[in-house]
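Colleague: What follows is protein-v3.pdb; its format and atoms are PDB, C-alpha atoms.
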ATOM      1  CA  MET A  47      94.590  48.632 129.738
ATOM      2  CA  THR A  48      97.934  50.461 129.688
ATOM      3  CA  SER A  49      97.581  54.081 130.741
ATOM      4  CA  LYS A  50      98.916  56.836 128.517
ATOM      5  CA  LEU A  51     102.082  58.728 129.372
ATOM      6  CA  GLN A  52     101.159  62.050 130.974
ATOM      7  CA  LEU A  53     103.198  65.014 129.706
ATOM      8  CA  THR A  54     102.890  68.746 130.371
ATOM      9  CA  LEU A  55     103.422  71.040 127.399
ATOM     10  CA  ALA A  56     103.700  74.833 127.707
ATOM     11  CA  CYS A  57     103.190  76.751 124.470
ATOM     12  CA  GLY A  58     101.437  79.655 122.807
ATOM     13  CA  ASP A  59      97.750  79.422 121.975
ATOM     14  CA  TYR A  60      98.304  79.172 118.225
ATOM     15  CA  GLU A  61      95.984  77.834 115.544
ATOM     16  CA  ILE A  62      98.629  75.294 114.502
ATOM     17  CA  ILE A  63      98.635  73.952 118.083
ATOM     18  CA  ARG A  64      94.888  74.199 118.723
ATOM     19  CA  PRO A  65      93.943  70.752 117.288
ATOM     20  CA  LEU A  66      96.176  69.223 119.992
ATOM     21  CA  LYS A  67      94.730  71.465 122.691
ATOM     22  CA  ASP A  68      91.152  70.699 121.613
ATOM     23  CA  GLY A  69      91.819  66.944 121.410
ATOM     24  CA  ILE A  70      91.124  66.728 117.677
ATOM     25  CA  VAL A  71      94.637  65.343 117.220
ATOM     26  CA  LYS A  72      96.107  63.060 119.883
ATOM     27  CA  PRO A  73      99.673  61.720 119.973
ATOM     28  CA  ASP A  74      99.608  57.941 120.161
ATOM     29  CA  GLY A  75     100.156  56.715 123.742
ATOM     30  CA  ILE A  76     100.475  60.222 125.189
ATOM     31  CA  GLU A  77      98.107  62.461 127.146
ATOM     32  CA  LEU A  78      99.110  66.112 126.838
ATOM     33  CA  ASN A  79      98.314  68.665 129.519
ATOM     34  CA  ILE A  80      98.686  71.853 127.465
ATOM     35  CA  LEU A  81      99.333  75.140 129.268
ATOM     36  CA  THR A  82      98.986  78.360 127.270
ATOM     37  CA  GLY A  83      98.717  81.000 130.002
ATOM     38  CA  ALA A  84     102.356  82.085 130.330
ATOM     39  CA  ASP A  85     103.882  84.742 128.105
ATOM     40  CA  SER A  86     106.846  83.718 125.969
ATOM     41  CA  ALA A  87     109.614  85.118 128.189
ATOM     42  CA  THR A  88     108.161  83.450 131.311
ATOM     43  CA  ARG A  89     107.588  80.135 129.532
ATOM     44  CA  HIS A  90     111.159  79.936 128.181
ATOM     45  CA  TRP A  91     112.650  80.869 131.560
ATOM     46  CA  ARG A  92     110.604  78.225 133.385
ATOM     47  CA  PHE A  93     111.305  75.454 130.884
ATOM     48  CA  LEU A  94     115.051  76.024 131.045
ATOM     49  CA  ARG A  95     114.751  75.565 134.813
ATOM     50  CA  GLY A  96     112.993  72.213 134.427
ATOM     51  CA  GLN A  97     109.423  73.295 135.194
ATOM     52  CA  TYR A  98     107.720  71.641 132.171
ATOM     53  CA  ASP A  99     108.186  68.313 130.419
ATOM     54  CA  MET A 100     108.021  70.045 127.057
ATOM     55  CA  ALA A 101     107.733  73.638 125.931
ATOM     56  CA  GLU A 102     107.828  75.993 123.029
ATOM     57  CA  CYS A 103     111.283  77.406 123.712
ATOM     58  CA  SER A 104     113.366  80.319 122.460
ATOM     59  CA  GLY A 105     115.567  79.035 119.644
ATOM     60  CA  SER A 106     118.425  81.284 120.752
ATOM     61  CA  SER A 107     118.304  80.224 124.402
ATOM     62  CA  TYR A 108     117.938  76.559 123.428
ATOM     63  CA  ILE A 109     121.096  76.711 121.307
ATOM     64  CA  VAL A 110     123.007  78.269 124.216
ATOM     65  CA  ALA A 111     121.579  75.672 126.620
ATOM     66  CA  ARG A 112     122.804  72.809 124.445
ATOM     67  CA  ASP A 113     126.225  74.415 124.081
ATOM     68  CA  ARG A 114     126.369  74.463 127.902
ATOM     69  CA  GLY A 115     125.429  70.773 128.101
ATOM     70  CA  MET A 116     122.080  71.444 129.785
ATOM     71  CA  PRO A 117     119.703  68.413 129.878
ATOM     72  CA  PHE A 118     117.321  69.364 127.082
ATOM     73  CA  ASN A 119     116.701  68.308 123.516
ATOM     74  CA  ALA A 120     114.279  69.426 120.815
ATOM     75  CA  LEU A 121     112.015  68.170 118.076
ATOM     76  CA  PRO A 122     112.233  69.964 114.712
ATOM     77  CA  VAL A 123     108.855  71.600 115.334
ATOM     78  CA  TYR A 124     108.748  75.383 115.044
ATOM     79  CA  PRO A 125     105.602  76.838 116.636
ATOM     80  CA  HIS A 126     106.570  80.446 115.957
ATOM     81  CA  ARG A 127     108.228  82.228 113.047
ATOM     82  CA  ARG A 128     108.263  85.903 112.235
ATOM     83  CA  PHE A 129     110.002  88.351 109.957
ATOM     84  CA  ARG A 130     111.766  90.900 112.128
ATOM     85  CA  HIS A 131     112.650  94.040 110.141
ATOM     86  CA  GLY A 132     109.530  95.744 111.489
ATOM     87  CA  PHE A 133     110.688  95.309 115.100
ATOM     88  CA  ILE A 134     113.536  97.826 115.090
ATOM     89  CA  PHE A 135     112.062 100.888 116.764
ATOM     90  CA  THR A 136     113.731 104.305 116.951
ATOM     91  CA  ASN A 137     113.378 107.570 118.788
ATOM     92  CA  THR A 138     112.375 110.008 116.047
ATOM     93  CA  ALA A 139     114.648 112.722 117.477
ATOM     94  CA  ALA A 140     117.728 110.467 117.283
ATOM     95  CA  ASN A 141     118.174 111.026 113.533
ATOM     96  CA  ILE A 142     118.317 107.307 112.722
ATOM     97  CA  THR A 143     117.197 106.879 109.115
ATOM     98  CA  LYS A 144     119.343 103.957 107.956
ATOM     99  CA  PRO A 145     120.927 100.923 109.637
ATOM    100  CA  SER A 146     124.429 102.418 109.820
ATOM    101  CA  ASP A 147     123.031 105.245 111.959
ATOM    102  CA  LEU A 148     122.746 102.694 114.796
ATOM    103  CA  ILE A 149     126.528 102.522 115.128
ATOM    104  CA  GLY A 150     127.557 104.069 118.440
ATOM    105  CA  LYS A 151     123.969 104.374 119.644
ATOM    106  CA  ARG A 152     122.261 103.293 122.878
ATOM    107  CA  VAL A 153     119.944 100.417 121.938
ATOM    108  CA  GLY A 154     117.559  98.538 124.193
ATOM    109  CA  VAL A 155     116.476  94.901 124.091
ATOM    110  CA  LYS A 156     113.953  92.931 126.127
ATOM    111  CA  PHE A 157     116.828  90.609 126.977
ATOM    112  CA  TYR A 158     119.973  89.956 124.999
ATOM    113  CA  LEU A 159     119.449  86.242 124.262
ATOM    114  CA  ALA A 160     115.932  86.715 122.843
ATOM    115  CA  THR A 161     115.693  84.984 119.467
ATOM    116  CA  ALA A 162     114.143  88.034 117.814
ATOM    117  CA  THR A 163     117.072  90.208 118.819
ATOM    118  CA  LEU A 164     119.637  87.543 117.892
ATOM    119  CA  TRP A 165     118.140  87.490 114.387
ATOM    120  CA  LEU A 166     118.117  91.277 114.223
ATOM    121  CA  ARG A 167     121.708  91.672 115.434
ATOM    122  CA  GLY A 168     122.784  89.064 112.874
ATOM    123  CA  ILE A 169     120.846  90.700 110.065
ATOM    124  CA  LEU A 170     122.111  94.176 110.961
ATOM    125  CA  GLU A 171     125.706  92.919 110.974
ATOM    126  CA  ASN A 172     125.695  90.567 107.993
ATOM    127  CA  VAL A 173     123.172  92.240 105.695
ATOM    128  CA  TYR A 174     123.568  95.926 106.578
ATOM    129  CA  GLY A 175     127.145  96.140 107.891
ATOM    130  CA  VAL A 176     126.360  97.174 111.489
ATOM    131  CA  PRO A 177     128.698  95.256 113.857
ATOM    132  CA  HIS A 178     126.899  94.136 117.008
ATOM    133  CA  LYS A 179     129.835  95.364 119.121
ATOM    134  CA  SER A 180     129.496  98.870 117.679
ATOM    135  CA  ILE A 181     126.308  99.360 119.727
ATOM    136  CA  GLU A 182     125.863  99.983 123.454
ATOM    137  CA  TRP A 183     123.171  97.507 124.597
ATOM    138  CA  PHE A 184     120.667  97.806 127.447
ATOM    139  CA  ALA A 185     118.643  94.743 128.532
ATOM    140  CA  GLU A 186     115.371  95.100 130.426
ATOM    141  CA  LEU A 187     115.121  91.544 131.818
ATOM    142  CA  ASP A 188     117.479  88.924 133.212
ATOM    143  CA  GLU A 189     118.649  86.391 130.653
ATOM    144  CA  ASP A 190     117.122  82.923 130.214
ATOM    145  CA  ILE A 191     120.659  81.648 130.721
ATOM    146  CA  ALA A 192     123.256  83.764 132.515
ATOM    147  CA  PHE A 193     126.305  84.565 130.417
ATOM    148  CA  THR A 194     129.365  86.774 130.534
ATOM    149  CA  PRO A 195     129.372  89.329 127.705
ATOM    150  CA  PRO A 196     132.162  88.526 125.235
ATOM    151  CA  GLU A 197     135.159  90.851 125.133
ATOM    152  CA  GLY A 198     134.322  94.100 123.379
ATOM    153  CA  LEU A 199     130.557  93.840 123.949
ATOM    154  CA  THR A 200     128.967  96.561 126.075
ATOM    155  CA  LEU A 201     125.815  95.222 127.730
ATOM    156  CA  HIS A 202     124.002  96.829 130.663
ATOM    157  CA  ARG A 203     121.091  95.493 132.732
ATOM    158  CA  LEU A 204     118.463  98.173 133.278
ATOM    159  CA  PRO A 205     117.139  98.738 136.814
ATOM    160  CA  ASP A 206     113.891  96.900 137.548
ATOM    161  CA  ASN A 207     111.995 100.190 137.681
ATOM    162  CA  LYS A 208     113.018 101.139 134.125
ATOM    163  CA  SER A 209     111.025 100.292 130.995
ATOM    164  CA  ALA A 210     112.923 100.119 127.704
ATOM    165  CA  GLU A 211     109.803 101.252 125.828
ATOM    166  CA  LYS A 212     109.400 104.328 128.014
ATOM    167  CA  MET A 213     113.129 105.086 127.828
ATOM    168  CA  LEU A 214     112.931 104.951 124.033
ATOM    169  CA  ALA A 215     109.991 107.372 123.922
ATOM    170  CA  GLU A 216     111.704 109.762 126.335
ATOM    171  CA  GLY A 217     115.016 109.709 124.465
ATOM    172  CA  GLU A 218     117.061 107.810 127.049
ATOM    173  CA  LEU A 219     117.535 105.118 124.406
ATOM    174  CA  ASP A 220     118.076 105.808 120.712
ATOM    175  CA  ALA A 221     116.544 102.567 119.460
ATOM    176  CA  LEU A 222     114.938  99.355 120.675
ATOM    177  CA  LEU A 223     114.926  95.813 119.241
ATOM    178  CA  HIS A 224     111.879  94.061 120.624
ATOM    179  CA  PRO A 225     110.048  90.727 120.073
ATOM    180  CA  ASP A 226     106.629  92.431 120.116
ATOM    181  CA  ILE A 227     104.895  95.536 118.814
ATOM    182  CA  ILE A 228     105.629  98.082 121.531
ATOM    183  CA  GLU A 229     103.073 100.336 123.221
ATOM    184  CA  PRO A 230     104.325 103.629 121.722
ATOM    185  CA  ILE A 231     103.736 102.220 118.231
ATOM    186  CA  LEU A 232     100.284 100.905 119.146
ATOM    187  CA  ASN A 233      99.474 104.309 120.675
ATOM    188  CA  LYS A 234     100.912 106.174 117.655
ATOM    189  CA  ASP A 235     103.334 108.105 119.847
ATOM    190  CA  PRO A 236     105.068 110.575 117.481
ATOM    191  CA  ARG A 237     108.311 110.243 119.450
ATOM    192  CA  VAL A 238     108.749 106.642 118.250
ATOM    193  CA  GLY A 239     109.009 105.215 114.740
ATOM    194  CA  ARG A 240     110.518 102.292 112.846
ATOM    195  CA  LEU A 241     113.953 102.026 111.272
ATOM    196  CA  PHE A 242     112.200 100.520 108.236
ATOM    197  CA  PRO A 243     108.823 102.293 107.808
ATOM    198  CA  ASP A 244     108.090 100.063 104.783
ATOM    199  CA  TYR A 245     109.255  96.957 106.637
ATOM    200  CA  LYS A 246     107.184  94.502 104.596
ATOM    201  CA  THR A 247     109.065  95.421 101.425
ATOM    202  CA  GLU A 248     112.363  95.039 103.294
ATOM    203  CA  GLU A 249     111.294  91.624 104.628
ATOM    204  CA  LYS A 250     110.202  90.415 101.198
ATOM    205  CA  SER A 251     113.549  91.468  99.738
ATOM    206  CA  TYR A 252     115.320  89.614 102.554
ATOM    207  CA  TYR A 253     113.325  86.450 101.853
ATOM    208  CA  ASP A 254     113.902  86.714  98.098
ATOM    209  CA  LYS A 255     117.659  86.936  98.657
ATOM    210  CA  TYR A 256     118.172  84.496 101.533
ATOM    211  CA  GLY A 257     115.111  82.208 101.502
ATOM    212  CA  ILE A 258     114.656  82.619 105.256
ATOM    213  CA  PHE A 259     111.347  83.018 107.102
ATOM    214  CA  PRO A 260     113.011  83.252 110.528
ATOM    215  CA  ILE A 261     112.387  80.427 112.990
ATOM    216  CA  MET A 262     111.864  81.876 116.463
ATOM    217  CA  HIS A 263     110.972  78.917 118.672
ATOM    218  CA  VAL A 264     111.579  75.164 118.799
ATOM    219  CA  LEU A 265     109.803  72.380 120.667
ATOM    220  CA  GLY A 266     112.017  71.650 123.663
ATOM    221  CA  ILE A 267     111.794  68.458 125.718
ATOM    222  CA  LYS A 268     113.592  67.163 128.789
ATOM    223  CA  GLN A 269     116.354  64.740 127.819
ATOM    224  CA  GLU A 270     115.413  62.373 130.652
ATOM    225  CA  LEU A 271     112.006  61.794 129.008
ATOM    226  CA  VAL A 272     113.618  60.937 125.688
ATOM    227  CA  ASP A 273     116.032  58.570 127.426
ATOM    228  CA  ARG A 274     113.221  56.771 129.291
ATOM    229  CA  HIS A 275     110.637  56.785 126.486
ATOM    230  CA  PRO A 276     112.339  57.096 123.078
ATOM    231  CA  TRP A 277     109.106  56.054 121.324
ATOM    232  CA  ILE A 278     107.471  59.380 122.206
ATOM    233  CA  VAL A 279     109.676  61.319 119.774
ATOM    234  CA  PRO A 280     108.170  60.130 116.451
ATOM    235  CA  ASN A 281     104.691  59.981 118.006
ATOM    236  CA  LEU A 282     104.874  63.591 119.168
ATOM    237  CA  TYR A 283     106.330  64.807 115.899
ATOM    238  CA  GLN A 284     103.637  63.081 113.877
ATOM    239  CA  ALA A 285     100.920  64.612 116.070
ATOM    240  CA  PHE A 286     102.326  68.145 115.858
ATOM    241  CA  ASP A 287     102.673  67.839 112.089
ATOM    242  CA  GLU A 288      99.121  66.521 111.779
ATOM    243  CA  ALA A 289      97.806  69.353 113.955
ATOM    244  CA  LYS A 290      99.550  71.960 111.824
ATOM    245  CA  ASN A 291      98.264  70.459 108.596
ATOM    246  CA  PHE A 292      94.724  70.328 110.011
ATOM    247  CA  ALA A 293      94.937  73.979 111.036
ATOM    248  CA  MET A 294      96.367  75.128 107.711
ATOM    249  CA  LYS A 295      93.509  73.499 105.833
ATOM    250  CA  LYS A 296      90.963  74.974 108.222
ATOM    251  CA  MET A 297      92.442  78.460 107.940
ATOM    252  CA  ARG A 298      91.920  78.533 104.187
ATOM    253  CA  ASN A 299      88.291  79.416 104.956
ATOM    254  CA  PRO A 300      88.108  83.255 104.758
ATOM    255  CA  ARG A 301      84.942  83.271 106.893
ATOM    256  CA  LEU A 302      87.005  82.393 109.977
ATOM    257  CA  VAL A 303      88.812  85.732 110.122
ATOM    258  CA  PRO A 304      87.191  89.206 110.216
ATOM    259  CA  LEU A 305      89.469  90.698 107.554
ATOM    260  CA  ALA A 306      88.102  92.101 104.307
ATOM    261  CA  TRP A 307      91.028  90.923 102.172
ATOM    262  CA  TYR A 308      91.974  87.785 104.084
ATOM    263  CA  GLN A 309      91.812  85.544 101.018
ATOM    264  CA  GLU A 310      94.066  87.899  99.084
ATOM    265  CA  ALA A 311      96.570  87.915 101.967
ATOM    266  CA  TRP A 312      96.549  84.106 102.054
ATOM    267  CA  GLU A 313      97.122  83.911  98.314
ATOM    268  CA  GLU A 314      99.943  86.463  98.535
ATOM    269  CA  GLN A 315     101.617  84.394 101.263
ATOM    270  CA  GLU A 316     101.420  81.236  99.146
ATOM    271  CA  LYS A 317     102.871  83.064  96.164
ATOM    272  CA  LEU A 318     105.785  84.465  98.166
ATOM    273  CA  LEU A 319     106.497  81.734 100.727
ATOM    274  CA  GLY A 320     104.991  78.563  99.248
ATOM    275  CA  GLN A 321     102.171  76.330 100.448
ATOM    276  CA  ASP A 322     103.623  75.538 103.885
ATOM    277  CA  PRO A 323     105.708  78.384 105.341
ATOM    278  CA  TRP A 324     105.445  76.710 108.783
ATOM    279  CA  GLU A 325     107.034  73.476 107.563
ATOM    280  CA  TYR A 326     108.505  71.268 110.289
ATOM    281  CA  GLY A 327     111.465  68.918 110.006
ATOM    282  CA  LEU A 328     114.983  69.444 108.679
ATOM    283  CA  SER A 329     114.340  70.233 105.029
ATOM    284  CA  GLU A 330     116.963  72.136 103.045
ATOM    285  CA  SER A 331     115.104  75.391 103.694
ATOM    286  CA  ASN A 332     114.832  74.775 107.434
ATOM    287  CA  ARG A 333     118.489  73.769 107.629
ATOM    288  CA  ASN A 334     119.490  77.036 106.003
ATOM    289  CA  ASN A 335     117.281  78.876 108.494
ATOM    290  CA  LEU A 336     118.690  77.090 111.539
ATOM    291  CA  GLU A 337     122.305  77.148 110.377
ATOM    292  CA  THR A 338     122.023  80.906 109.940
ATOM    293  CA  LEU A 339     120.677  81.311 113.480
ATOM    294  CA  ILE A 340     123.391  79.042 114.915
ATOM    295  CA  GLY A 341     126.000  80.963 112.935
ATOM    296  CA  TYR A 342     124.789  84.276 114.371
ATOM    297  CA  SER A 343     124.981  82.853 117.895
ATOM    298  CA  HIS A 344     128.558  81.705 117.327
ATOM    299  CA  GLN A 345     129.544  84.956 115.604
ATOM    300  CA  GLN A 346     128.248  86.929 118.574
ATOM    301  CA  GLY A 347     130.178  84.832 121.093
ATOM    302  CA  LEU A 348     127.133  83.199 122.688
ATOM    303  CA  ILE A 349     128.215  79.617 121.922
ATOM    304  CA  SER A 350     131.641  78.013 121.761
ATOM    305  CA  ARG A 351     131.317  76.413 118.312
ATOM    306  CA  ASN A 352     129.121  76.240 115.234
ATOM    307  CA  ILE A 353     126.932  73.344 116.369
ATOM    308  CA  PRO A 354     125.725  71.007 113.570
ATOM    309  CA  VAL A 355     121.938  71.047 113.177
ATOM    310  CA  GLU A 356     121.744  67.267 113.693
ATOM    311  CA  GLU A 357     123.152  67.658 117.205
ATOM    312  CA  LEU A 358     120.345  70.002 118.194
ATOM    313  CA  PHE A 359     117.320  68.007 117.014
ATOM    314  CA  LEU A 360     116.035  64.526 117.641
ATOM    315  CA  PRO A 361     115.555  62.171 114.669
ATOM    316  CA  VAL A 362     111.831  61.875 114.072
ATOM    317  CA  SER A 363     111.121  60.018 110.838
ATOM    318  CA  GLN A 364     112.386  56.479 111.639
ATOM    319  CA  GLY A 365     112.590  55.898 107.901
ATOM    320  CA  ARG A 366     109.115  57.250 107.149
ATOM    321  CA  LYS A 367     108.470  60.174 104.884
ATOM    322  CA  ARG A 368     107.179  63.233 106.722
ATOM    323  CA  GLY A 369     103.610  64.262 105.953
ATOM    324  CA  THR A 370     103.197  67.585 104.166
ATOM    325  CA  PHE A 371     100.435  70.138 103.904
ATOM    326  CA  ARG A 372      98.418  69.977 100.701
ATOM    327  CA  THR A 373      95.503  72.047  99.590
TER     328      THR A 373
END
Just give me the structure as structure tokens.

Modeller:
Amino acid sequence: MTSKLQLTLACGDYEIIRPLKDGIVKPDGIELNILTGADSATRHWRFLRGQYDMAECSGSSYIVARDRGMPFNALPVYPHRRFRHGFIFTNTAANITKPSDLIGKRVGVKFYLATATLWLRGILENVYGVPHKSIEWFAELDEDIAFTPPEGLTLHRLPDNKSAEKMLAEGELDALLHPDIIEPILNKDPRVGRLFPDYKTEEKSYYDKYGIFPIMHVLGIKQELVDRHPWIVPNLYQAFDEAKNFAMKKMRNPRLVPLAWYQEAWEEQEKLLGQDPWEYGLSESNRNNLETLIGYSHQQGLISRNIPVEELFLPVSQGRKRGTFRT
């Protein structure tokens, strides 16, 4: 009997991944060792240094890695998406009430290449007219991939003993773009608020106008594995798609989640975003999403050219029609 190919996958512990983790869905000919213990920043950093066979990887850092010719590729699988208007945090004493008030301000980021902050810089510049170079940036962590700030960009690295969240609360920073809900917000610290208090309305308007539910992460894989075992690409894609579809059907059951109006929230999502907001592949909608992200990266001087989407993702269908989620 031929043994299965052993691969290590690092990813978040998401419902759309869980059928793979639990062994309910198995990629043909492949045994996955799935690691979910690392936080996102650590996982991306390690993958881009060759520490996993495959990983859920920052879309922004992956695009930069490919522009640099680093030995990685990706499947058009997007484990994480998130609207981002609600992740622009402000010091309430800084008198920032509208996007243009950020011009000339001191703004923190977890790290500059983070996909969440790439989306937000792009949205601020192209939707609200706030040039990314009009802001003085302060990064808390080292970058996934070292880069020289483009001419005209002011970017500082905070000392290791400084926390961007604490600096925001204490007024050392005027605002903070962050991938996660920060502690001052969770603790209801009156010194910290949001640029968009009614961020859901702002995000819905953004989706209505642009049709984008922002892709954060892609499924990265070492190029050497693809070169040695090209058959794993369609097999992996099919398994990830099957796992997502299984999870989406399972999650329709409102008894699974301790929320009083869970069913209503699910129905609202379907009405606004369609039946499968986490769609994989390179559909027209996903192309628009990815081309926008690539365009922001190029606009901000992070990559040397506007890379075509086809160059960034492996072909997965081999002439077969991709499965879709149906209720």

Colleague: To verify the selection step, state as an NGL selection string which residues the PyMOL selection byres ((chain A and resi 294) around 12) yields on this input.

Modeller: :A and (60-65 or 287-293 or 295-300 or 312 or 316 or 321-325 or 370-373)

Colleague: Where does the PyMOL selection byres ((chain A and resi 242) around 9) land in this file, that is, which residues does it pick, as a list of chain:residue names?

Modeller: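 Residues picked by the PyMOL selection byres ((chain A and resi 242) around 9): A:His131, A:Gly132, A:Phe133, A:Ile134, A:Phe135, A:Thr143, A:Lys144, A:Pro145, A:Gly239, A:Arg240, A:Leu241, A:Pro243, A:Asp244, A:Tyr245, A:Lys246, A:Glu248.
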
Colleague: Give me the residues near Ala111 in chain A as a compact mmCIF listing (two decimals) with C-alpha atoms, keeping the file's coordinate frame, where near means some atom within 12 Å (using only C-alpha atoms) and where sequence neighbours in that chain fewer than 2 positions away do not count.

Modeller:
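Output contents, as saved in part-v2.txt:
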# COMPACT_ATOMS: atom_id res chain seq x y z
CA HIS A 90 111.16 79.94 128.18
CA TRP A 91 112.65 80.87 131.56
CA PHE A 93 111.30 75.45 130.88
CA LEU A 94 115.05 76.02 131.04
CA ARG A 95 114.75 75.56 134.81
CA CYS A 103 111.28 77.41 123.71
CA SER A 104 113.37 80.32 122.46
CA GLY A 105 115.57 79.04 119.64
CA SER A 106 118.42 81.28 120.75
CA SER A 107 118.30 80.22 124.40
CA TYR A 108 117.94 76.56 123.43
CA ILE A 109 121.10 76.71 121.31
CA ASP A 113 126.22 74.42 124.08
CA ARG A 114 126.37 74.46 127.90
CA GLY A 115 125.43 70.77 128.10
CA MET A 116 122.08 71.44 129.78
CA PRO A 117 119.70 68.41 129.88
CA PHE A 118 117.32 69.36 127.08
CA ASN A 119 116.70 68.31 123.52
CA ALA A 120 114.28 69.43 120.82
CA LEU A 159 119.45 86.24 124.26
CA GLU A 189 118.65 86.39 130.65
CA ASP A 190 117.12 82.92 130.21
CA ILE A 191 120.66 81.65 130.72
CA ALA A 192 123.26 83.76 132.51
CA PHE A 193 126.30 84.56 130.42
CA GLY A 266 112.02 71.65 123.66
CA LYS A 268 113.59 67.16 128.79
CA SER A 343 124.98 82.85 117.90
CA LEU A 348 127.13 83.20 122.69
CA ILE A 349 128.22 79.62 121.92
CA SER A 350 131.64 78.01 121.76
CA ILE A 353 126.93 73.34 116.37
CA LEU A 358 120.34 70.00 118.19

Colleague: Which is closest to Gly58 in chain A among A:Leu199, A:Leu223, A:Val264, A:Gly327, if we use all atoms listed in the file?

Modeller: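 Smallest distance to Gly58 in chain A is found for A:Val264.
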
Colleague: Care to translate the PyMOL selection byres ((chain A and resi 137) around 7) into actual residues of this file, as a compact mmCIF listing (two decimals) with C-alpha atoms, in the coordinates of the input?

Modeller:
# COMPACT_ATOMS: atom_id res chain seq x y z
CA THR A 136 113.73 104.30 116.95
CA THR A 138 112.38 110.01 116.05
CA ALA A 139 114.65 112.72 117.48
CA ALA A 140 117.73 110.47 117.28
CA LEU A 214 112.93 104.95 124.03
CA ALA A 215 109.99 107.37 123.92
CA GLY A 217 115.02 109.71 124.46
CA ASP A 220 118.08 105.81 120.71
CA ALA A 221 116.54 102.57 119.46
CA ARG A 237 108.31 110.24 119.45
CA VAL A 238 108.75 106.64 118.25
CA GLY A 239 109.01 105.22 114.74

Colleague: Please measure the separation of CA of Tyr252 in chain A and CA of Phe129 in chain A, giving the value in Å to one decimal.

Modeller: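 Taking CA of Tyr252 in chain A and CA of Phe129 in chain A, their separation equals 9.2 Å.
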
Colleague: What lies within 7 Å of Val362 in chain A using only C-alpha atoms, ignoring chain neighbours under 2 positions off, as an MDAnalysis selection string?

Modeller: chainID A and resid 279:280 283 360 364

Colleague: By how many Å are CA of Arg203 in chain A and CA of Gly154 in chain A apart?

Modeller: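 So the answer is 9.7 Å.
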
Colleague: Enter the distance from CA of Val155 in chain A to CA of Ala56 in chain A, in Å, rounded to one decimal.

Modeller: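 The value is 24.1 Å.
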
Colleague: Find the residue from A:Leu121, A:Val173, A:Ala185, A:Val355 that sits nearest to Lys255 in chain A; use all atoms listed in the file when measuring.

Modeller: A:Val173
